[in-house]
file upload.json (JSON, C-alpha atoms)
[["chain", "number", "residue", "atom", "x", "y", "z"],
["X", 1413, "MET", "CA", 0.00, 0.00, 0.00],
["X", 1414, "LYS", "CA", 1.29, 3.48, -0.88],
["X", 1415, "SER", "CA", 2.39, 5.64, 2.03],
["X", 1416, "TRP", "CA", 4.53, 8.68, 2.72],
["X", 1417, "TYR", "CA", 8.08, 8.07, 3.96],
["X", 1418, "LEU", "CA", 10.92, 10.38, 4.90],
["X", 1419, "LEU", "CA", 14.03, 10.13, 2.73],
["X", 1420, "TYR", "CA", 17.37, 11.45, 3.96],
["X", 1421, "CYS", "CA", 19.30, 12.94, 1.03],
["X", 1422, "LYS", "CA", 22.91, 13.85, 0.52],
["X", 1423, "PRO", "CA", 23.57, 17.44, 1.67],
["X", 1424, "ARG", "CA", 22.14, 19.99, -0.80],
["X", 1425, "HIS", "CA", 20.97, 17.22, -3.17],
["X", 1426, "GLU", "CA", 17.24, 17.27, -2.33],
["X", 1427, "VAL", "CA", 16.22, 18.62, -5.75],
["X", 1428, "ARG", "CA", 18.48, 16.16, -7.57],
["X", 1429, "ALA", "CA", 16.97, 13.26, -5.62],
["X", 1430, "GLN", "CA", 13.47, 14.58, -6.34],
["X", 1431, "GLN", "CA", 14.18, 14.79, -10.09],
["X", 1432, "ASN", "CA", 15.67, 11.29, -10.22],
["X", 1433, "LEU", "CA", 12.78, 9.83, -8.22],
["X", 1434, "ALA", "CA", 10.32, 11.45, -10.64],
["X", 1435, "LEU", "CA", 12.04, 9.55, -13.48],
["X", 1436, "GLN", "CA", 11.22, 6.36, -11.54],
["X", 1437, "ASP", "CA", 7.56, 7.44, -11.11],
["X", 1438, "VAL", "CA", 7.96, 8.04, -7.37],
["X", 1439, "GLU", "CA", 5.91, 10.98, -6.10],
["X", 1440, "SER", "CA", 7.78, 13.29, -3.75],
["X", 1441, "TYR", "CA", 7.27, 16.48, -1.78],
["X", 1442, "LEU", "CA", 10.03, 18.96, -0.95],
["X", 1443, "PRO", "CA", 8.66, 21.76, 1.26],
["X", 1444, "MET", "CA", 10.38, 25.02, 0.28],
["X", 1445, "ILE", "CA", 10.25, 28.28, 2.23],
["X", 1446, "THR", "CA", 11.16, 31.81, 1.16],
["X", 1447, "GLN", "CA", 12.98, 33.98, 3.68],
["X", 1448, "LEU", "CA", 14.71, 37.34, 3.70],
["X", 1449, "LYS", "CA", 18.41, 36.68, 4.21],
["X", 1450, "THR", "CA", 21.60, 38.67, 3.98],
["X", 1451, "VAL", "CA", 23.79, 37.27, 1.19],
["X", 1452, "ARG", "CA", 27.11, 39.03, 0.52],
["X", 1453, "ASN", "CA", 25.97, 42.08, 2.53],
["X", 1454, "LYS", "CA", 22.75, 42.38, 0.47],
["X", 1455, "LYS", "CA", 19.26, 41.47, 1.64],
["X", 1456, "GLN", "CA", 17.62, 39.00, -0.71],
["X", 1457, "MET", "CA", 14.59, 36.74, -0.72],
["X", 1458, "VAL", "CA", 16.03, 33.21, -0.74],
["X", 1459, "THR", "CA", 14.05, 30.01, -1.28],
["X", 1460, "SER", "CA", 15.45, 26.95, 0.48],
["X", 1461, "PRO", "CA", 14.19, 23.60, 1.80],
["X", 1462, "LEU", "CA", 12.26, 23.79, 5.06],
["X", 1463, "PHE", "CA", 13.96, 20.57, 6.18],
["X", 1464, "PRO", "CA", 17.46, 20.58, 4.65],
["X", 1465, "SER", "CA", 18.58, 17.15, 3.39],
["X", 1466, "TYR", "CA", 15.09, 15.63, 3.75],
["X", 1467, "LEU", "CA", 12.46, 14.75, 1.16],
["X", 1468, "PHE", "CA", 9.03, 13.18, 1.61],
["X", 1469, "ILE", "CA", 8.36, 10.33, -0.83],
["X", 1470, "TYR", "CA", 5.09, 8.54, -1.62],
["X", 1471, "PHE", "CA", 5.42, 4.98, -2.87],
["X", 1472, "ASP", "CA", 4.48, 1.35, -2.27],
["X", 1473, "PRO", "CA", 7.46, -0.75, -1.04],
["X", 1474, "GLN", "CA", 5.77, -3.86, -2.49],
["X", 1475, "ILE", "CA", 5.97, -2.39, -6.02],
["X", 1476, "ILE", "CA", 9.16, -0.26, -5.92],
["X", 1477, "SER", "CA", 12.05, -1.80, -4.01],
["X", 1478, "VAL", "CA", 13.63, 0.09, -1.14],
["X", 1479, "SER", "CA", 17.11, -0.60, -2.56],
["X", 1480, "LYS", "CA", 16.08, 1.16, -5.77],
["X", 1481, "ILE", "CA", 15.17, 4.25, -3.70],
["X", 1482, "HIS", "CA", 18.43, 4.03, -1.72],
["X", 1483, "ASN", "CA", 20.45, 3.81, -4.95],
["X", 1484, "THR", "CA", 18.83, 6.88, -6.50],
["X", 1485, "ARG", "CA", 21.27, 9.73, -7.20],
["X", 1486, "GLY", "CA", 21.06, 12.33, -4.44],
["X", 1487, "ALA", "CA", 19.30, 9.97, -2.03],
["X", 1488, "ASN", "CA", 20.93, 8.42, 0.99],
["X", 1489, "ARG", "CA", 18.44, 6.28, 2.95],
["X", 1490, "ILE", "CA", 14.85, 6.10, 4.10],
["X", 1491, "VAL", "CA", 14.56, 7.26, 7.71],
["X", 1492, "GLY", "CA", 13.66, 4.43, 10.09],
["X", 1493, "CYS", "CA", 14.39, 1.79, 7.47],
["X", 1494, "ARG", "CA", 16.00, -1.11, 9.31],
["X", 1495, "GLU", "CA", 13.56, -3.96, 9.71],
["X", 1496, "GLU", "CA", 10.31, -2.04, 9.23],
["X", 1497, "MET", "CA", 9.78, 1.27, 7.50],
["X", 1498, "THR", "CA", 7.86, 3.95, 9.39],
["X", 1499, "PRO", "CA", 5.10, 5.50, 7.26],
["X", 1500, "ILE", "CA", 4.04, 9.12, 7.80],
["X", 1501, "ASP", "CA", 0.36, 9.92, 8.24],
["X", 1502, "ASP", "CA", -1.18, 11.60, 5.16],
["X", 1503, "ARG", "CA", -2.72, 14.28, 7.41],
["X", 1504, "ILE", "CA", 0.75, 15.48, 8.45],
["X", 1505, "ILE", "CA", 1.81, 15.97, 4.82],
["X", 1506, "SER", "CA", -1.50, 17.72, 4.00],
["X", 1507, "ALA", "CA", -1.18, 20.06, 6.99],
["X", 1508, "LEU", "CA", 2.42, 20.81, 6.05],
["X", 1509, "LYS", "CA", 1.40, 21.69, 2.47],
["X", 1510, "ILE", "CA", -1.30, 24.05, 3.75],
["X", 1511, "ARG", "CA", 1.05, 25.79, 6.20],
["X", 1512, "ILE", "CA", 3.78, 26.23, 3.58],
["X", 1513, "GLN", "CA", 1.22, 27.67, 1.15],
["X", 1514, "ASP", "CA", -0.08, 30.16, 3.76],
["X", 1515, "TYR", "CA", 3.38, 31.21, 5.00],
["X", 1516, "VAL", "CA", 4.31, 34.85, 4.41],
["X", 1517, "PRO", "CA", 7.97, 35.77, 5.00],
["X", 1518, "GLN", "CA", 8.54, 38.55, 7.50],
["X", 1519, "GLU", "CA", 10.96, 41.36, 6.89],
["X", 1520, "GLU", "CA", 13.82, 41.78, 9.30],
["X", 1521, "LYS", "CA", 13.59, 44.73, 11.65],
["X", 1522, "SER", "CA", 15.93, 47.42, 10.42],
["X", 1523, "LEU", "CA", 17.88, 49.00, 13.25],
["X", 1524, "THR", "CA", 20.96, 51.13, 12.86],
["X", 1525, "LYS", "CA", 23.80, 51.73, 15.25],
["X", 1526, "GLY", "CA", 22.78, 54.15, 17.99],
["X", 1527, "ASP", "CA", 19.01, 53.46, 17.83],
["X", 1528, "LYS", "CA", 17.25, 53.26, 21.17],
["X", 1529, "VAL", "CA", 15.58, 49.89, 21.80],
["X", 1530, "LYS", "CA", 13.40, 48.37, 24.47],
["X", 1531, "PHE", "CA", 13.40, 44.72, 25.54],
["X", 1532, "VAL", "CA", 9.97, 43.17, 24.98],
["X", 1533, "ASP", "CA", 10.82, 39.70, 26.27],
["X", 1534, "GLY", "CA", 13.44, 37.84, 28.25],
["X", 1535, "PRO", "CA", 15.26, 38.72, 31.48],
["X", 1536, "PHE", "CA", 15.65, 42.42, 30.56],
["X", 1537, "LYS", "CA", 11.96, 42.94, 29.69],
["X", 1538, "ASP", "CA", 10.86, 46.63, 29.72],
["X", 1539, "LEU", "CA", 14.45, 47.92, 30.06],
["X", 1540, "GLU", "CA", 16.07, 50.18, 27.47],
["X", 1541, "ALA", "CA", 19.38, 49.85, 25.62],
["X", 1542, "ILE", "CA", 21.21, 51.22, 22.58],
["X", 1543, "PHE", "CA", 21.49, 49.08, 19.44],
["X", 1544, "ASP", "CA", 25.12, 48.45, 18.43],
["X", 1545, "GLU", "CA", 25.38, 45.83, 15.65],
["X", 1546, "ASN", "CA", 23.81, 42.72, 14.07],
["X", 1547, "ASN", "CA", 25.29, 39.25, 14.36],
["X", 1548, "PRO", "CA", 24.40, 36.05, 12.49],
["X", 1549, "ASP", "CA", 21.62, 33.75, 13.73],
["X", 1550, "LYS", "CA", 19.17, 36.54, 14.64],
["X", 1551, "ARG", "CA", 21.27, 37.90, 17.48],
["X", 1552, "CYS", "CA", 22.72, 41.36, 17.99],
["X", 1553, "HIS", "CA", 24.88, 43.45, 20.29],
["X", 1554, "VAL", "CA", 23.34, 46.19, 22.40],
["X", 1555, "LEU", "CA", 24.87, 48.68, 24.82],
["X", 1556, "PHE", "CA", 23.23, 48.28, 28.20],
["X", 1557, "ASN", "CA", 23.69, 50.36, 31.37],
["X", 1558, "ILE", "CA", 24.35, 48.09, 34.33],
["X", 1559, "MET", "CA", 25.26, 49.59, 37.73],
["X", 1560, "GLY", "CA", 26.42, 52.87, 36.20],
["X", 1561, "GLN", "CA", 28.60, 51.23, 33.54],
["X", 1562, "GLN", "CA", 27.84, 50.70, 29.88],
["X", 1563, "LYS", "CA", 28.28, 47.04, 28.88],
["X", 1564, "ARG", "CA", 28.03, 45.46, 25.43],
["X", 1565, "ILE", "CA", 25.89, 42.31, 25.51],
["X", 1566, "LEU", "CA", 24.71, 39.80, 22.91],
["X", 1567, "VAL", "CA", 20.93, 39.30, 22.84],
["X", 1568, "ASP", "CA", 18.26, 37.68, 20.71],
["X", 1569, "PHE", "CA", 17.10, 40.17, 18.03],
["X", 1570, "THR", "CA", 13.45, 39.12, 18.45],
["X", 1571, "ASN", "CA", 13.46, 40.38, 22.06],
["X", 1572, "LEU", "CA", 13.98, 44.00, 20.94],
["X", 1573, "GLN", "CA", 11.64, 46.74, 19.78],
["X", 1574, "ALA", "CA", 12.72, 50.13, 18.42],
["X", 1575, "ILE", "CA", 11.91, 53.30, 20.38],
["X", 1576, "SER", "CA", 11.21, 56.50, 18.45],
["X", 1577, "LYS", "CA", 12.80, 59.87, 19.20],
["X", 1578, "ASN", "CA", 9.72, 60.85, 21.25],
["X", 1579, "ASP", "CA", 10.38, 57.92, 23.65],
["X", 1580, "GLN", "CA", 7.37, 56.05, 22.34],
["X", 1581, "VAL", "CA", 7.66, 52.42, 21.32],
["X", 1582, "VAL", "CA", 7.46, 51.99, 17.54]]

call {"tool": "encode", "arguments": {"input": "upload.json", "output": "structure tokens"}}
result
Amino acid sequence: MKSWYLLYCKPRHEVRAQQNLALQDVESYLPMITQLKTVRNKKQMVTSPLFPSYLFIYFDPQIISVSKIHNTRGANRIVGCREEMTPIDDRIISALKIRIQDYVPQEEKSLTKGDKVKFVDGPFKDLEAIFDENNPDKRCHVLFNIMGQQKRILVDFTNLQAISKNDQVV
């Protein structure tokens, strides 16, 4: 009986595996997501796999052999395939398709050095700081007054909110 299975692919070969599986009449689903990322100091909308190195495949192991799937270019192995393969419920794949379709990428907050910010979450909630610089992985440095001294700390970017010149939260 046909079911969905999770296929682990070679790194950055999900599309290649998907194309080669299509030539073997194996249906597949590669959830892709578009995000705003900084590439070579420029902000660009980049589409990439939601689950890097993974591909959902829909086939009947009684008709298409597992070794044929494993030997497909770009593919590595079916996840959970030792003695028994673990099928994925169709409702999970359907829900994933709906969520990917409804996803709208959010723009990064644009803060410049010297902007006043307020913590909206975390241990410093409701305290103010001065934005210093961005770091990778959605973190940034802020200048924070602690016990009369200004310290530079690394915080999660999502915990900050810009404050306008009139001291009102933007």

call {"tool": "residues_around", "arguments": {"input": "upload.json", "residues": "Ile1500 in chain X", "least_positions_apart": "5", "cutoff": "12 Å", "atoms": "all atoms listed in the file", "output": "JSON, numbers by chain"}}
result
{"X": [1414, 1415, 1416, 1417, 1418, 1419, 1468, 1469, 1470, 1471, 1490, 1491, 1492, 1505, 1506, 1508]}

call {"tool": "atom_distance", "arguments": {"input": "upload.json", "atom1": "CA of Ile1475 in chain X", "atom2": "CA of Cys1421 in chain X"}}
result
21.5 Å

call {"tool": "residues_around", "arguments": {"input": "upload.json", "residues": "range 1427-1429 of chain X", "least_positions_apart": "3", "cutoff": "12 Å", "atoms": "only C-alpha atoms", "output": "ChimeraX atom specification"}}
result
/X:1419-1424,1432-1436,1438-1444,1460-1461,1464-1469,1481-1489

call {"tool": "closest_residue", "arguments": {"input": "upload.json", "among": "X:Gly1534, X:Pro1473, X:Gly1526, X:Pro1499", "to": "Phe1569 in chain X", "atoms": "only C-alpha atoms"}}
result
X:Gly1534

call {"tool": "residues_near_point", "arguments": {"input": "upload.json", "point": "(7.6, 47.2, 29.8)", "cutoff": "12 Å", "atoms": "all atoms listed in the file", "output": "list in words"}}
result
Val1529, Lys1530, Phe1531, Val1532, Asp1533, Gly1534, Pro1535, Phe1536, Lys1537, Asp1538, Leu1539, Glu1540, Asn1571, Leu1572, Gln1573, Gln1580 and Val1581 of chain X

call {"tool": "write_last_selection", "arguments": {"input": "upload.json", "atoms": "C-alpha atoms", "output": "PDB file, in the coordinates of the input"}}
result
ATOM      1  CA  VAL X1529      15.580  49.890  21.800  1.00  0.00           C
ATOM      2  CA  LYS X1530      13.400  48.370  24.470  1.00  0.00           C
ATOM      3  CA  PHE X1531      13.400  44.720  25.540  1.00  0.00           C
ATOM      4  CA  VAL X1532       9.970  43.170  24.980  1.00  0.00           C
ATOM      5  CA  ASP X1533      10.820  39.700  26.270  1.00  0.00           C
ATOM      6  CA  GLY X1534      13.440  37.840  28.250  1.00  0.00           C
ATOM      7  CA  PRO X1535      15.260  38.720  31.480  1.00  0.00           C
ATOM      8  CA  PHE X1536      15.650  42.420  30.560  1.00  0.00           C
ATOM      9  CA  LYS X1537      11.960  42.940  29.690  1.00  0.00           C
ATOM     10  CA  ASP X1538      10.860  46.630  29.720  1.00  0.00           C
ATOM     11  CA  LEU X1539      14.450  47.920  30.060  1.00  0.00           C
ATOM     12  CA  GLU X1540      16.070  50.180  27.470  1.00  0.00           C
ATOM     13  CA  ASN X1571      13.460  40.380  22.060  1.00  0.00           C
ATOM     14  CA  LEU X1572      13.980  44.000  20.940  1.00  0.00           C
ATOM     15  CA  GLN X1573      11.640  46.740  19.780  1.00  0.00           C
ATOM     16  CA  GLN X1580       7.370  56.050  22.340  1.00  0.00           C
ATOM     17  CA  VAL X1581       7.660  52.420  21.320  1.00  0.00           C
TER      18      VAL X1581
END

call {"tool": "atom_distance", "arguments": {"input": "upload.json", "atom1": "CA of Gln1513 in chain X", "atom2": "CA of Thr1446 in chain X"}}
result
10.8 Å

call {"tool": "residues_near_point", "arguments": {"input": "upload.json", "point": "(30.1, 48.6, 16.2)", "cutoff": "10 Å", "atoms": "all atoms listed in the file", "output": "PyMOL selection string"}}
result
chain X and resi 1525-1526+1543-1546+1553-1554+1564

call {"tool": "write_last_selection", "arguments": {"input": "upload.json", "atoms": "C-alpha atoms", "output": "short mmCIF file (atom, residue, chain, number, x, y, z; two decimals), in the frame of the given file"}}
result
data_model
loop_
_atom_site.label_atom_id
_atom_site.label_comp_id
_atom_site.auth_asym_id
_atom_site.auth_seq_id
_atom_site.Cartn_x
_atom_site.Cartn_y
_atom_site.Cartn_z
CA LYS X 1525 23.80 51.73 15.25
CA GLY X 1526 22.78 54.15 17.99
CA PHE X 1543 21.49 49.08 19.44
CA ASP X 1544 25.12 48.45 18.43
CA GLU X 1545 25.38 45.83 15.65
CA ASN X 1546 23.81 42.72 14.07
CA HIS X 1553 24.88 43.45 20.29
CA VAL X 1554 23.34 46.19 22.40
CA ARG X 1564 28.03 45.46 25.43
#

call {"tool": "atom_distance", "arguments": {"input": "upload.json", "atom1": "CA of Thr1570 in chain X", "atom2": "CA of Cys1552 in chain X"}}
result
9.5 Å

call {"tool": "closest_residue", "arguments": {"input": "upload.json", "among": "X:Asp1437, X:Ile1510, X:Lys1550, X:Pro1517", "to": "Thr1459 in chain X", "atoms": "all atoms listed in the file"}}
result
X:Pro1517

call {"tool": "decode", "arguments": {"input": "upload.json", "residues": "range 1415-1436 of chain X", "atoms": "N, CA, C and O atoms", "output": "compact mmCIF listing (two decimals), in the first residue's frame"}}
result
# COMPACT_ATOMS: atom_id res chain seq x y z
N SER X 1415 2.33 4.80 0.84
CA SER X 1415 2.39 5.64 2.03
C SER X 1415 3.50 6.67 1.84
O SER X 1415 4.37 6.52 0.99
N TRP X 1416 3.47 7.68 2.70
CA TRP X 1416 4.53 8.68 2.72
C TRP X 1416 5.65 8.19 3.62
O TRP X 1416 5.41 7.63 4.69
N TYR X 1417 6.89 8.41 3.18
CA TYR X 1417 8.08 8.07 3.96
C TYR X 1417 9.04 9.24 3.90
O TYR X 1417 8.98 10.07 2.98
N LEU X 1418 9.94 9.31 4.86
CA LEU X 1418 10.92 10.38 4.90
C LEU X 1418 12.24 9.85 4.37
O LEU X 1418 12.77 8.85 4.86
N LEU X 1419 12.78 10.54 3.36
CA LEU X 1419 14.03 10.13 2.73
C LEU X 1419 15.12 11.12 3.12
O LEU X 1419 14.95 12.34 2.94
N TYR X 1420 16.22 10.62 3.66
CA TYR X 1420 17.37 11.45 3.96
C TYR X 1420 18.22 11.52 2.70
O TYR X 1420 18.59 10.49 2.12
N CYS X 1421 18.53 12.73 2.27
CA CYS X 1421 19.30 12.94 1.03
C CYS X 1421 20.72 13.38 1.36
O CYS X 1421 21.01 13.81 2.47
N LYS X 1422 21.56 13.30 0.37
CA LYS X 1422 22.91 13.85 0.52
C LYS X 1422 22.79 15.36 0.69
O LYS X 1422 21.86 15.97 0.15
N PRO X 1423 23.69 15.99 1.43
CA PRO X 1423 23.57 17.44 1.67
C PRO X 1423 23.45 18.24 0.37
O PRO X 1423 24.20 18.03 -0.57
N ARG X 1424 22.44 19.11 0.33
CA ARG X 1424 22.14 19.99 -0.80
C ARG X 1424 21.83 19.24 -2.10
O ARG X 1424 22.05 19.75 -3.20
N HIS X 1425 21.33 18.01 -1.99
CA HIS X 1425 20.97 17.22 -3.17
C HIS X 1425 19.48 16.84 -3.16
O HIS X 1425 19.08 15.89 -3.85
N GLU X 1426 18.66 17.59 -2.42
CA GLU X 1426 17.24 17.27 -2.33
C GLU X 1426 16.55 17.36 -3.70
O GLU X 1426 15.79 16.47 -4.08
N VAL X 1427 16.85 18.42 -4.43
CA VAL X 1427 16.22 18.62 -5.75
C VAL X 1427 16.68 17.55 -6.73
O VAL X 1427 15.88 17.01 -7.50
N ARG X 1428 17.95 17.21 -6.68
CA ARG X 1428 18.48 16.16 -7.57
C ARG X 1428 17.79 14.83 -7.28
O ARG X 1428 17.38 14.11 -8.20
N ALA X 1429 17.65 14.50 -6.00
CA ALA X 1429 16.97 13.26 -5.62
C ALA X 1429 15.52 13.30 -6.09
O ALA X 1429 15.00 12.30 -6.62
N GLN X 1430 14.86 14.44 -5.92
CA GLN X 1430 13.47 14.58 -6.34
C GLN X 1430 13.32 14.37 -7.85
O GLN X 1430 12.41 13.68 -8.31
N GLN X 1431 14.23 14.94 -8.64
CA GLN X 1431 14.18 14.79 -10.09
C GLN X 1431 14.40 13.33 -10.50
O GLN X 1431 13.71 12.80 -11.37
N ASN X 1432 15.38 12.68 -9.87
CA ASN X 1432 15.67 11.29 -10.22
C ASN X 1432 14.57 10.34 -9.76
O ASN X 1432 14.31 9.33 -10.42
N LEU X 1433 13.91 10.64 -8.66
CA LEU X 1433 12.78 9.83 -8.22
C LEU X 1433 11.60 10.00 -9.16
O LEU X 1433 10.86 9.04 -9.41
N ALA X 1434 11.41 11.20 -9.69
CA ALA X 1434 10.32 11.45 -10.64
C ALA X 1434 10.51 10.60 -11.91
O ALA X 1434 9.54 10.12 -12.49
N LEU X 1435 11.76 10.40 -12.31
CA LEU X 1435 12.04 9.55 -13.48
C LEU X 1435 11.67 8.10 -13.21
O LEU X 1435 11.44 7.33 -14.14
N GLN X 1436 11.60 7.72 -11.92
CA GLN X 1436 11.22 6.36 -11.54
C GLN X 1436 9.74 6.28 -11.15
O GLN X 1436 9.31 5.28 -10.58
